[in-house]
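Engineer: The following file, query.tsv, comprises TSV, C-alpha atoms and all ligand atoms:
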chain	number	residue	atom	x	y	z
A	373	MET	CA	157.37	138.74	89.75
A	374	ARG	CA	154.01	137.12	90.56
A	375	HIS	CA	153.87	133.66	92.15
A	376	SER	CA	151.75	130.64	91.24
A	377	THR	CA	149.55	128.89	93.77
A	378	ILE	CA	147.06	126.04	94.02
A	379	ILE	CA	143.40	127.15	94.14
A	380	GLY	CA	141.55	123.84	93.70
A	381	THR	CA	142.21	120.16	94.41
A	382	GLY	CA	140.56	116.87	93.46
A	383	PHE	CA	141.22	113.15	93.45
A	384	TYR	CA	139.66	109.89	92.40
A	385	VAL	CA	140.31	106.22	93.01
A	386	PRO	CA	138.22	103.54	91.30
A	387	PRO	CA	135.81	101.68	93.63
A	388	ASN	CA	137.28	98.19	93.17
A	389	ILE	CA	139.62	97.32	96.10
A	390	CYS	CA	142.30	94.62	95.83
A	391	THR	CA	143.71	93.49	99.19
A	392	ASN	CA	147.05	91.77	99.78
A	393	ASP	CA	145.12	88.56	100.42
A	394	ASP	CA	143.44	88.93	97.01
A	395	LEU	CA	146.91	89.16	95.41
A	396	ALA	CA	148.02	86.08	97.36
A	397	GLN	CA	145.30	84.14	95.48
A	398	MET	CA	147.00	85.03	92.18
A	399	MET	CA	150.73	84.68	93.02
A	400	ASP	CA	153.13	83.39	95.64
A	401	THR	CA	153.05	86.32	98.08
A	402	SER	CA	151.49	87.13	101.46
A	403	ASP	CA	149.86	89.99	103.33
A	404	GLU	CA	152.69	89.75	105.87
A	405	TRP	CA	155.47	90.09	103.22
A	406	ILE	CA	153.81	93.06	101.52
A	407	GLN	CA	152.95	94.94	104.72
A	408	GLU	CA	156.34	94.35	106.31
A	409	ARG	CA	158.32	95.41	103.20
A	410	THR	CA	156.13	98.31	102.03
A	411	GLY	CA	153.31	99.25	104.44
A	412	ILE	CA	150.68	98.52	101.75
A	413	LYS	CA	147.43	96.81	102.84
A	414	GLN	CA	145.28	97.33	99.75
A	415	ARG	CA	145.07	99.25	96.48
A	416	HIS	CA	142.29	100.27	94.07
A	417	PHE	CA	142.10	98.83	90.55
A	418	ALA	CA	140.18	100.27	87.61
A	419	ASP	CA	137.73	98.10	85.66
A	420	ASP	CA	138.54	97.02	82.13
A	421	GLY	CA	137.79	99.83	79.69
A	422	ILE	CA	138.85	102.65	82.07
A	423	GLY	CA	142.10	104.40	81.13
A	424	SER	CA	144.31	106.95	82.88
A	425	ALA	CA	142.44	109.82	81.16
A	426	ASP	CA	139.09	108.47	82.47
A	427	LEU	CA	140.47	108.39	86.03
A	428	ALA	CA	141.87	111.89	85.49
A	429	LYS	CA	138.49	113.24	84.39
A	430	HIS	CA	136.94	112.63	87.84
A	431	ALA	CA	139.85	114.29	89.65
A	432	ALA	CA	139.95	117.20	87.19
A	433	GLU	CA	136.22	117.91	87.51
A	434	MET	CA	136.53	117.98	91.30
A	435	ALA	CA	139.57	120.31	91.21
A	436	ILE	CA	137.97	122.72	88.71
A	437	GLU	CA	134.76	122.87	90.76
A	438	ASP	CA	136.79	123.36	93.97
A	439	ALA	CA	138.55	126.30	92.28
A	440	GLY	CA	135.13	127.82	91.52
A	441	MET	CA	135.80	127.57	87.79
A	442	THR	CA	134.51	125.90	84.65
A	443	ASN	CA	136.47	124.13	81.92
A	444	LYS	CA	136.42	127.39	79.92
A	445	ASP	CA	138.64	129.08	82.54
A	446	ILE	CA	141.49	126.58	82.09
A	447	ASP	CA	144.34	127.80	79.82
A	448	MET	CA	146.48	124.67	79.70
A	449	ILE	CA	146.60	121.00	80.76
A	450	ILE	CA	149.73	119.27	82.08
A	451	PHE	CA	149.23	115.52	82.48
A	452	ALA	CA	151.85	113.44	84.31
A	453	THR	CA	151.60	109.67	83.80
A	454	LEU	CA	153.71	106.61	83.14
A	455	ASN	CA	150.57	104.84	81.93
A	456	PRO	CA	149.47	106.83	78.87
A	457	ASP	CA	146.21	105.54	77.41
A	458	VAL	CA	147.90	104.94	74.06
A	459	PHE	CA	151.46	105.23	72.65
A	460	PHE	CA	150.39	108.53	71.04
A	461	PRO	CA	148.80	111.07	71.29
A	462	GLY	CA	149.24	111.96	74.93
A	463	SER	CA	146.63	111.40	77.63
A	464	ALA	CA	146.25	115.19	77.99
A	465	CYS	CA	144.74	115.23	74.48
A	466	ILE	CA	142.45	112.31	75.33
A	467	LEU	CA	141.34	114.09	78.51
A	468	GLN	CA	140.76	117.25	76.45
A	469	SER	CA	138.41	115.30	74.24
A	470	ILE	CA	136.40	113.64	77.05
A	471	MET	CA	136.07	116.64	79.43
A	472	PRO	CA	135.88	118.54	76.97
A	473	PHE	CA	138.19	121.60	76.75
A	474	ASP	CA	138.64	124.15	73.96
A	475	THR	CA	141.85	124.15	71.89
A	476	ILE	CA	144.09	124.92	74.88
A	477	PRO	CA	147.61	123.43	74.93
A	478	ALA	CA	147.73	119.88	76.31
A	479	LEU	CA	151.07	118.51	77.47
A	480	ASP	CA	152.02	115.02	78.68
A	481	ILE	CA	155.11	114.54	80.82
A	482	ARG	CA	156.80	111.24	81.67
A	483	GLN	CA	158.69	111.53	84.95
A	484	GLN	CA	157.02	108.60	86.73
A	485	CYS	CA	156.84	109.01	90.52
A	486	THR	CA	158.39	112.49	90.24
A	487	GLY	CA	155.85	113.49	87.59
A	488	PHE	CA	153.73	115.75	89.77
A	489	ILE	CA	156.77	117.66	91.09
A	490	TYR	CA	157.96	118.30	87.50
A	491	ALA	CA	154.40	119.22	86.44
A	492	VAL	CA	154.00	121.80	89.23
A	493	ALA	CA	157.41	123.26	88.37
A	494	ILE	CA	156.50	123.61	84.67
A	495	ALA	CA	153.11	125.15	85.52
A	496	ASP	CA	154.76	127.53	87.98
A	497	ARG	CA	157.13	128.85	85.32
A	498	PHE	CA	154.36	129.26	82.70
A	499	ILE	CA	152.25	131.20	85.22
A	500	ARG	CA	155.06	133.31	86.70
A	501	SER	CA	156.10	134.43	83.22
A	502	GLY	CA	152.54	135.61	82.55
A	503	TRP	CA	152.18	133.32	79.53
A	504	CYS	CA	148.95	131.92	80.97
A	505	ASP	CA	146.87	132.06	84.16
A	506	HIS	CA	145.07	128.82	85.01
A	507	ILE	CA	146.70	125.45	84.54
A	508	LEU	CA	145.11	122.08	85.29
A	509	VAL	CA	147.91	119.86	86.63
A	510	ILE	CA	147.12	116.15	86.77
A	511	GLY	CA	148.77	112.93	87.84
A	512	ALA	CA	146.81	109.83	86.83
A	513	GLU	CA	147.74	106.18	86.53
A	514	ASN	CA	146.07	102.99	85.44
A	515	HIS	CA	148.81	100.55	86.50
A	516	SER	CA	146.62	97.48	86.86
A	517	CYS	CA	146.16	96.99	83.11
A	518	GLY	CA	149.91	96.43	82.70
A	519	LEU	CA	151.10	94.42	85.72
A	520	ASP	CA	152.16	90.77	85.72
A	521	PHE	CA	149.85	89.17	88.31
A	522	THR	CA	151.79	85.91	88.39
A	523	THR	CA	154.65	84.91	90.70
A	524	ARG	CA	157.10	86.05	87.99
A	525	GLY	CA	155.89	89.65	88.38
A	526	ARG	CA	155.19	89.70	92.12
A	527	ASP	CA	158.08	92.03	93.04
A	528	VAL	CA	156.43	94.86	91.05
A	529	ALA	CA	152.74	93.89	90.93
A	530	VAL	CA	152.17	94.16	94.69
A	531	LEU	CA	153.43	97.76	94.83
A	532	PHE	CA	151.13	99.69	92.52
A	533	GLY	CA	147.56	100.98	92.59
A	534	ASP	CA	145.34	103.03	90.25
A	535	GLY	CA	144.15	106.58	90.89
A	536	ALA	CA	144.23	110.22	89.87
A	537	GLY	CA	144.87	113.57	91.54
A	538	ALA	CA	144.49	117.06	90.11
A	539	VAL	CA	145.06	120.67	91.08
A	540	VAL	CA	144.25	123.99	89.46
A	541	MET	CA	147.15	126.45	89.59
A	542	ALA	CA	146.66	130.20	89.30
A	543	PRO	CA	148.65	133.42	89.72
A	544	THR	CA	148.88	135.39	92.97
A	545	ASP	CA	150.40	138.81	93.56
A	546	ASN	CA	151.11	137.87	97.18
A	547	VAL	CA	154.72	136.66	97.08
A	548	ASP	CA	154.45	135.32	100.66
A	549	GLU	CA	152.21	132.52	99.39
A	550	GLY	CA	152.14	129.91	96.63
A	551	VAL	CA	155.12	128.02	95.20
A	552	PHE	CA	158.40	129.43	96.56
A	553	ASP	CA	160.77	127.22	94.57
A	554	PHE	CA	161.52	123.68	93.46
A	555	THR	CA	164.41	121.38	92.64
A	556	LEU	CA	164.40	118.86	89.78
A	557	HIS	CA	166.88	116.10	88.91
A	558	ALA	CA	167.32	113.06	86.68
A	559	GLN	CA	170.04	110.44	86.28
A	560	GLY	CA	169.35	108.53	83.06
A	561	GLU	CA	172.26	106.12	83.50
A	562	PHE	CA	169.92	104.12	85.76
A	563	TYR	CA	166.93	104.19	83.35
A	564	ASP	CA	166.72	100.39	83.27
A	565	THR	CA	166.58	99.87	87.05
A	566	LEU	CA	162.81	100.51	86.83
A	567	TRP	CA	161.33	100.48	83.34
A	568	LEU	CA	158.97	98.97	80.81
A	569	PRO	CA	161.17	97.35	78.12
A	570	ALA	CA	158.42	96.73	75.54
A	571	PRO	CA	157.00	98.05	73.27
A	572	TYR	CA	160.47	99.30	72.34
A	573	GLY	CA	160.72	101.91	69.58
A	574	LYS	CA	163.99	100.60	68.14
A	575	TYR	CA	162.69	97.18	67.05
A	576	LYS	CA	160.55	96.62	63.95
A	577	GLY	CA	156.96	96.16	65.08
A	578	ARG	CA	158.01	97.44	68.51
A	579	ILE	CA	157.03	94.17	70.21
A	580	THR	CA	157.58	90.54	69.22
A	581	PRO	CA	156.10	87.27	70.51
A	582	GLU	CA	159.55	86.49	72.01
A	583	MET	CA	159.53	89.78	73.96
A	584	MET	CA	156.06	88.94	75.25
A	585	GLU	CA	157.13	85.44	76.21
A	586	ARG	CA	159.95	86.97	78.28
A	587	GLY	CA	157.37	89.29	79.89
A	588	GLU	CA	159.07	92.46	78.62
A	589	HIS	CA	155.69	94.16	78.26
A	590	TYR	CA	155.54	94.21	82.08
A	591	PRO	CA	157.54	96.66	84.26
A	592	LYS	CA	160.93	95.43	85.47
A	593	MET	CA	162.59	96.67	88.64
A	594	ASP	CA	165.88	96.16	90.43
A	595	GLY	CA	164.20	96.99	93.76
A	596	ARG	CA	167.35	96.97	95.90
A	597	THR	CA	169.20	99.41	93.62
A	598	VAL	CA	166.20	101.73	93.43
A	599	PHE	CA	165.79	101.57	97.22
A	600	ARG	CA	169.52	102.37	97.72
A	601	HIS	CA	169.22	105.54	95.61
A	602	ALA	CA	165.83	106.65	96.97
A	603	ILE	CA	166.75	107.70	100.50
A	604	PRO	CA	169.81	109.91	99.76
A	605	ARG	CA	168.10	111.50	96.74
A	606	PHE	CA	164.93	112.33	98.74
A	607	CYS	CA	167.10	113.91	101.47
A	608	GLU	CA	169.18	115.87	98.94
A	609	ALA	CA	166.05	117.24	97.23
A	610	ILE	CA	164.66	118.37	100.59
A	611	SER	CA	167.82	120.12	101.75
A	612	GLU	CA	168.30	121.70	98.32
A	613	VAL	CA	164.81	123.24	98.18
A	614	LEU	CA	165.06	124.45	101.79
A	615	GLU	CA	168.43	126.03	101.10
A	616	LYS	CA	167.14	127.74	97.92
A	617	THR	CA	164.18	129.23	99.77
A	618	GLY	CA	165.89	130.08	103.08
A	619	TYR	CA	163.60	127.91	105.23
A	620	SER	CA	164.62	125.27	107.76
A	621	ILE	CA	163.13	121.82	108.31
A	622	GLU	CA	161.53	123.09	111.55
A	623	ASP	CA	159.51	125.64	109.51
A	624	VAL	CA	157.77	122.88	107.51
A	625	ASP	CA	154.16	122.28	108.66
A	626	LEU	CA	153.40	119.30	106.42
A	627	PHE	CA	155.62	116.94	104.43
A	628	ILE	CA	154.07	114.99	101.55
A	629	PRO	CA	156.54	112.44	100.22
A	630	HIS	CA	155.85	110.30	97.19
A	631	GLN	CA	154.44	107.02	98.58
A	632	ALA	CA	156.67	104.25	97.19
A	633	ASN	CA	157.38	102.45	100.41
A	634	ASP	CA	156.74	103.34	104.08
A	635	ARG	CA	160.27	102.24	104.97
A	636	ILE	CA	161.66	104.88	102.58
A	637	THR	CA	159.30	107.55	103.99
A	638	ASN	CA	160.23	106.73	107.60
A	639	MET	CA	163.97	106.76	106.90
A	640	VAL	CA	163.73	110.08	105.03
A	641	ALA	CA	161.71	111.62	107.89
A	642	GLN	CA	164.22	110.34	110.44
A	643	ARG	CA	167.28	111.58	108.52
A	644	THR	CA	165.85	115.02	107.81
A	645	GLY	CA	164.43	115.48	111.33
A	646	LEU	CA	160.75	115.61	110.36
A	647	PRO	CA	158.48	114.43	113.20
A	648	LYS	CA	155.96	111.71	112.37
A	649	GLU	CA	152.93	113.97	112.91
A	650	LYS	CA	154.08	116.24	110.05
A	651	VAL	CA	154.48	113.39	107.56
A	652	VAL	CA	151.59	112.23	105.34
A	653	SER	CA	151.22	108.52	104.60
A	654	ASN	CA	148.36	106.90	102.68
A	655	ILE	CA	150.27	104.04	101.06
A	656	ALA	CA	148.40	101.47	103.22
A	657	ARG	CA	145.15	102.28	101.38
A	658	TYR	CA	146.30	103.04	97.83
A	659	GLY	CA	149.75	101.53	97.24
A	660	ASN	CA	152.05	103.46	94.91
A	661	THR	CA	149.88	105.52	92.55
A	662	THR	CA	152.99	107.15	91.03
A	663	ALA	CA	152.26	110.61	89.50
A	664	ALA	CA	148.84	110.64	91.22
A	665	THR	CA	150.22	110.13	94.72
A	666	ILE	CA	151.17	113.66	95.75
A	667	PRO	CA	147.97	115.35	94.47
A	668	ILE	CA	145.87	112.63	96.16
A	669	CYS	CA	147.75	113.28	99.43
A	670	ILE	CA	147.30	117.04	99.00
A	671	CYS	CA	143.55	116.67	98.51
A	672	GLU	CA	143.14	114.26	101.45
A	673	SER	CA	145.26	116.49	103.71
A	674	ARG	CA	142.92	119.39	102.97
A	675	GLN	CA	139.90	117.23	103.74
A	676	ASP	CA	141.52	116.14	107.06
A	677	ASN	CA	142.33	119.79	107.84
A	678	ARG	CA	146.05	118.95	108.09
A	679	LEU	CA	146.73	121.37	105.21
A	680	LYS	CA	145.34	124.82	106.03
A	681	LYS	CA	145.72	128.37	104.73
A	682	GLY	CA	149.22	129.44	105.76
A	683	SER	CA	150.70	125.92	106.09
A	684	LEU	CA	154.23	125.54	104.74
A	685	LEU	CA	153.98	122.47	102.49
A	686	LEU	CA	157.02	120.46	101.43
A	687	ALA	CA	156.51	117.82	98.72
A	688	ALA	CA	159.26	115.51	97.46
A	689	ALA	CA	159.48	112.50	95.17
A	690	PHE	CA	161.87	109.95	93.74
A	691	GLY	CA	161.22	107.42	91.02
A	692	SER	CA	162.02	105.76	87.75
A	693	GLY	CA	164.28	107.65	85.35
A	694	LEU	CA	165.86	107.90	87.80
A	695	THR	CA	164.16	111.19	88.63
A	696	TRP	CA	163.75	113.15	91.86
A	697	GLY	CA	162.73	116.59	93.06
A	698	ALA	CA	160.86	118.68	95.61
A	699	PHE	CA	158.83	121.88	95.90
A	700	LEU	CA	158.10	124.16	98.83
A	701	MET	CA	154.96	126.30	98.98
A	702	ARG	CA	152.82	128.33	101.37
A	703	TRP	CA	149.27	126.97	101.14
A	704	SER	CA	146.89	129.80	100.27
A	705	ILE	CA	143.29	128.46	100.41
A	801	LIG	N1	156.02	88.44	97.79
A	801	LIG	C1	156.85	87.57	98.40
A	801	LIG	N2	158.18	87.53	98.15
A	801	LIG	C2	158.68	88.41	97.26
A	801	LIG	C3	157.86	89.35	96.61
A	801	LIG	C4	156.48	89.34	96.89
A	801	LIG	N3	155.61	90.19	96.32
A	801	LIG	N4	158.63	90.08	95.79
A	801	LIG	C5	159.89	89.65	95.93
A	801	LIG	N5	159.92	88.62	96.82
A	801	LIG	C6	161.08	87.85	97.29
A	801	LIG	C7	162.27	88.00	96.38
A	801	LIG	O1	162.20	87.07	95.33
A	801	LIG	C8	163.43	87.75	97.33
A	801	LIG	O2	163.59	86.38	97.48
A	801	LIG	P1	165.09	85.74	97.61
A	801	LIG	O3	165.68	86.39	98.82
A	801	LIG	O4	164.79	84.30	97.75
A	801	LIG	O5	165.77	86.13	96.34
A	801	LIG	C9	162.94	88.31	98.65
A	801	LIG	O6	161.51	88.41	98.54
A	801	LIG	C10	163.50	89.67	98.98
A	801	LIG	O7	163.40	90.51	97.84
A	801	LIG	P2	164.00	91.96	97.83
A	801	LIG	O8	163.80	92.57	96.49
A	801	LIG	O9	165.38	91.96	98.39
A	801	LIG	O10	163.05	92.68	98.89
A	801	LIG	P3	163.27	94.08	99.52
A	801	LIG	O11	163.37	93.97	100.98
A	801	LIG	O12	164.33	94.88	98.81
A	801	LIG	O13	161.87	94.80	99.20
A	801	LIG	C11	160.89	96.32	97.59
A	801	LIG	C12	161.42	94.90	97.84
A	801	LIG	C13	159.73	96.56	98.51
A	801	LIG	C14	160.41	96.40	96.15
A	801	LIG	C15	162.02	97.34	97.85
A	801	LIG	O14	163.19	96.94	97.18
A	801	LIG	C16	161.67	98.74	97.41
A	801	LIG	O15	160.81	99.39	97.97
A	801	LIG	N6	162.39	99.28	96.42
A	801	LIG	C17	162.18	100.67	95.98
A	801	LIG	C18	160.91	100.87	95.20
A	801	LIG	C19	160.83	102.34	94.80
A	801	LIG	O16	161.18	103.24	95.54
A	801	LIG	N7	160.42	102.60	93.58
A	801	LIG	C20	160.49	103.99	93.11
A	801	LIG	C21	159.20	104.56	92.85
A	801	LIG	S1	158.27	103.67	91.70
A	801	LIG	C22	158.25	104.58	90.22
A	801	LIG	O17	158.95	105.51	89.97
A	801	LIG	C23	157.32	104.11	89.19
Using structure tokens, write down the structure that the file contains.

Structural biologist:
Amino acid sequence: MRHSTIIGTGFYVPPNICTNDDLAQMMDTSDEWIQERTGIKQRHFADDGIGSADLAKHAAEMAIEDAGMTNKDIDMIIFATLNPDVFFPGSACILQSIMPFDTIPALDIRQQCTGFIYAVAIADRFIRSGWCDHILVIGAENHSCGLDFTTRGRDVAVLFGDGAGAVVMAPTDNVDEGVFDFTLHAQGEFYDTLWLPAPYGKYKGRITPEMMERGEHYPKMDGRTVFRHAIPRFCEAISEVLEKTGYSIEDVDLFIPHQANDRITNMVAQRTGLPKEKVVSNIARYGNTTAATIPICICESRQDNRLKKGSLLLAAAFGSGLTWGAFLMRWSI
């Protein structure tokens, strides 16, 4: 059976930078607290009037051009985001309208920080089966429009940044390259350890003034519980995908973990035996850009020449849901 591979990459972050000191003007926090706990120094925030689909457009155009294609060559869009532009329809449809694309299928997925891993896995299976050839896979997030920038929301607000990453996936007959396999998991019993309670589809009107007064339209996180789950789940996903594909940790040339917290990344690298020089970290510059993080890291790693034709790339993520997963691929461009 043919494999799928990545033939074009792109990313975009909005120009406006928000430093930790800027946040400290809005809430009771400090550069020292944020850097020590997370490794984040700054993040980029989109201007008012720019949604996740607008951020995605820049990244998608770059990826399609990098693949040597035009919009007409794309057969399907998969858009991973936890910040859809509107409740419905999905951001993939909005992107389709603003790019524009023909009447190709446009699919949103909602797996938060693990969104890009799920999206690559779905695209891989569509391509391997021969159902279609070229899929635009996107992770894009406008977090800043929905964060509580007061002391009440400081535990979550300091973590996230806006941005978008995109890849074009295509078939290859060379089974020594492209996506070898992936592992995907979810554990819904912990859905409310990191979630957005409102608008809630089981209450009339979905959102009430009382819900807004309680700040339920802002994300809520039990950071310690999420942290406790993150490290073992990352490690499990890595060993599972290596076992499925018959590779060892020493074979991996580059590890791109989801960037939620540098402490998590360092502990995962230490426990799995990945040396620091093989681990990508850009959280200091962008914060947690959720579904956009891994494609941004992929694109930057290509630009830095850390990801080269023939590199064995391991990507893994853990996030709200709870969800986690990993994929292993041989880089082919
Ligand atoms: N500035 C200053 N103080 C703060 C801030 C802040 N921004 N936020 C919280 N604090 C305070 C707390 O109120 C608490 O005070 P207390 O001890 O008086 O109660 C103290 O700092 C310590 O808070 P903790 O939550 O225990 O801090 P911790 O060391 O656990 O770090 C963090 C918090 C960074 C959020 C950590 O728990 C974490 O990284 N969790 C995992 C996040 C993650 O992996 N998310 C998954 C991906 S995201 C996704 O899927 C969308």

Engineer: Nearest residue to Ile379 in chain A out of A:Met593, A:Gly440, A:Val551, A:Gly525, using all atoms listed in the file?

Structural biologist: A:Gly440

Engineer: What does the list of residues within 6 Å of ligand LIG 801 (chain A) look like if you count all atoms listed in the file, written as a count of residues only?

Structural biologist: 20

Engineer: Might you pull out every residue within 7 Å of Arg657 in chain A, with all atoms listed in the file counted and same-chain residues fewer than 2 positions away left off, and present them as a list in words?

Structural biologist: Ile412, Lys413, Gln414, Arg415, Asn654, Ile655 and Gly659 of chain A

Engineer: Go ahead and compute the interatomic distance for CA of Pro386 in chain A and CA of His416 in chain A, in Å to one decimal.

Structural biologist: 5.9 Å

Engineer: So the first atom is CA of Asp505 in chain A and the second is CA of Ser463 in chain A; what is the distance between them in Å, to one decimal place?

Structural biologist: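 For CA of Asp505 in chain A relative to CA of Ser463 in chain A, the distance reads 21.7 Å.
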
Engineer: Let me make sure I understand: among A:Pro387, A:Gly537, A:Pro472, A:Gly645, which one has the smallest atom-to-atom distance to Thr453 in chain A if we use all atoms listed in the file?

Structural biologist: A:Gly537

Engineer: Dump as a PyMOL selection string all residues having an atom at most 12 Å from (154.4, 134.4, 98.1), computed in the file's coordinates with only C-alpha atoms.

Structural biologist: chain A and resi 373-378+500+543-553+617+682+684+700-704

Engineer: Would you work out the distance separating CA of Phe451 in chain A from CA of Gly577 in chain A, expressed in Å to one decimal?

Structural biologist: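 Between CA of Phe451 in chain A and CA of Gly577 in chain A the gap works out to 27.2 Å.
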
Engineer: Skip Gly382 in chain A itself and residues of its chain fewer than 6 positions away, then list as a VMD selection string all residues within 12 Å of it, counting all atoms listed in the file.

Structural biologist: chain A and resid 427 to 439 508 to 512 535 to 540 664 to 675

Engineer: Which centre and which edge lengths, in Å to one decimal, describe the axis-aligned box that holds all listed atoms of range 486-501 of chain A after 6 Å is added on each side, as JSON?

Structural biologist:
{"center_x": 155.3, "center_y": 123.5, "center_z": 86.9, "size_x": 18.1, "size_y": 33.9, "size_z": 20.4}

Engineer: Could you tell me which of A:Pro591, A:Gly411, A:Ser424, A:Ala558 comes closest to Thr637 in chain A if we count all atoms listed in the file?

Structural biologist: A:Gly411

Engineer: Please check which residues have atoms at most 9 Å from (158.5, 109.6, 106.4) in the file's coordinates, counting all atoms listed in the file, and write them as a list in words.

Structural biologist: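 Output of the proximity query reads Phe627, Ile628, Pro629, Asp634, Arg635, Ile636, Thr637, Asn638, Met639, Val640, Ala641, Gln642, Leu646, Pro647, Lys648, Lys650, Val651, Val652 and Ser653 of chain A.
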
Engineer: Would you mind telling me which residue in A:Asp564, A:Asp474, A:Asp420, A:Glu608 lies nearest to Glu588 in chain A when using all atoms listed in the file?

Structural biologist: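 The shortest atom-to-atom distance to Glu588 in chain A comes from A:Asp564.
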
Engineer: Show which residues sit within 10 Å of Leu479 in chain A, as a ChimeraX atom specification. Count only C-alpha atoms, and ignore same-chain residues fewer than 6 positions away.

Structural biologist: /A:448-452,461-465,491,509

Engineer: Pick the closest to Tyr384 in chain A from A:Asn514, A:Thr522, A:Ser611, A:Thr486: which is it, counting all atoms listed in the file?

Structural biologist: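 Answer, going by the shortest atom-to-atom distance: A:Asn514.
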
Engineer: Under the rule that all atoms listed in the file are counted, which of A:Leu556, A:Leu614, A:Leu566, A:Ile389 is the nearest residue to Ala493 in chain A?

Structural biologist: A:Leu556

Engineer: Reconstruct range 481-486 of chain A at the level of all heavy atoms, and format the result as a tab-separated table (two decimals), in the coordinates of the input.

Structural biologist:
chain	number	residue	atom	x	y	z
A	481	ILE	N	153.72	114.67	80.38
A	481	ILE	CA	155.11	114.54	80.82
A	481	ILE	C	155.30	113.14	81.41
A	481	ILE	O	154.36	112.54	81.93
A	481	ILE	CB	155.55	115.66	81.79
A	481	ILE	CG1	154.75	115.63	83.08
A	481	ILE	CG2	155.46	117.02	81.13
A	481	ILE	CD1	155.46	116.38	84.18
A	482	ARG	N	156.54	112.64	81.35
A	482	ARG	CA	156.80	111.24	81.67
A	482	ARG	C	157.94	111.16	82.69
A	482	ARG	O	159.05	110.74	82.35
A	482	ARG	CB	157.18	110.49	80.38
A	482	ARG	CG	156.13	110.59	79.27
A	482	ARG	CD	154.96	109.67	79.55
A	482	ARG	NE	155.39	108.30	79.54
A	482	ARG	CZ	155.53	107.56	78.44
A	482	ARG	NH1	155.29	108.07	77.27
A	482	ARG	NH2	155.91	106.31	78.51
A	483	GLN	N	157.66	111.58	83.91
A	483	GLN	CA	158.69	111.53	84.95
A	483	GLN	C	158.31	110.59	86.09
A	483	GLN	O	158.82	110.71	87.20
A	483	GLN	CB	158.98	112.94	85.49
A	483	GLN	CG	159.98	113.72	84.65
A	483	GLN	CD	159.46	114.02	83.26
A	483	GLN	OE1	158.26	114.23	83.07
A	483	GLN	NE2	160.35	114.04	82.30
A	484	GLN	N	157.37	109.67	85.81
A	484	GLN	CA	157.02	108.60	86.73
A	484	GLN	C	156.66	109.16	88.12
A	484	GLN	O	155.89	110.08	88.23
A	484	GLN	CB	158.13	107.56	86.78
A	484	GLN	CG	158.39	106.89	85.45
A	484	GLN	CD	158.92	107.82	84.39
A	484	GLN	OE1	158.18	108.14	83.44
A	484	GLN	NE2	160.16	108.26	84.49
A	485	CYS	N	157.26	108.60	89.17
A	485	CYS	CA	156.84	109.01	90.52
A	485	CYS	C	157.14	110.48	90.81
A	485	CYS	O	156.56	111.07	91.72
A	485	CYS	CB	157.50	108.13	91.57
A	485	CYS	SG	156.93	106.44	91.41
A	486	THR	N	158.07	111.07	90.05
A	486	THR	CA	158.39	112.49	90.24
A	486	THR	C	157.54	113.37	89.32
A	486	THR	O	157.72	114.59	89.28
A	486	THR	CB	159.89	112.74	89.99
A	486	THR	OG1	160.65	111.65	90.56
A	486	THR	CG2	160.39	114.00	90.66
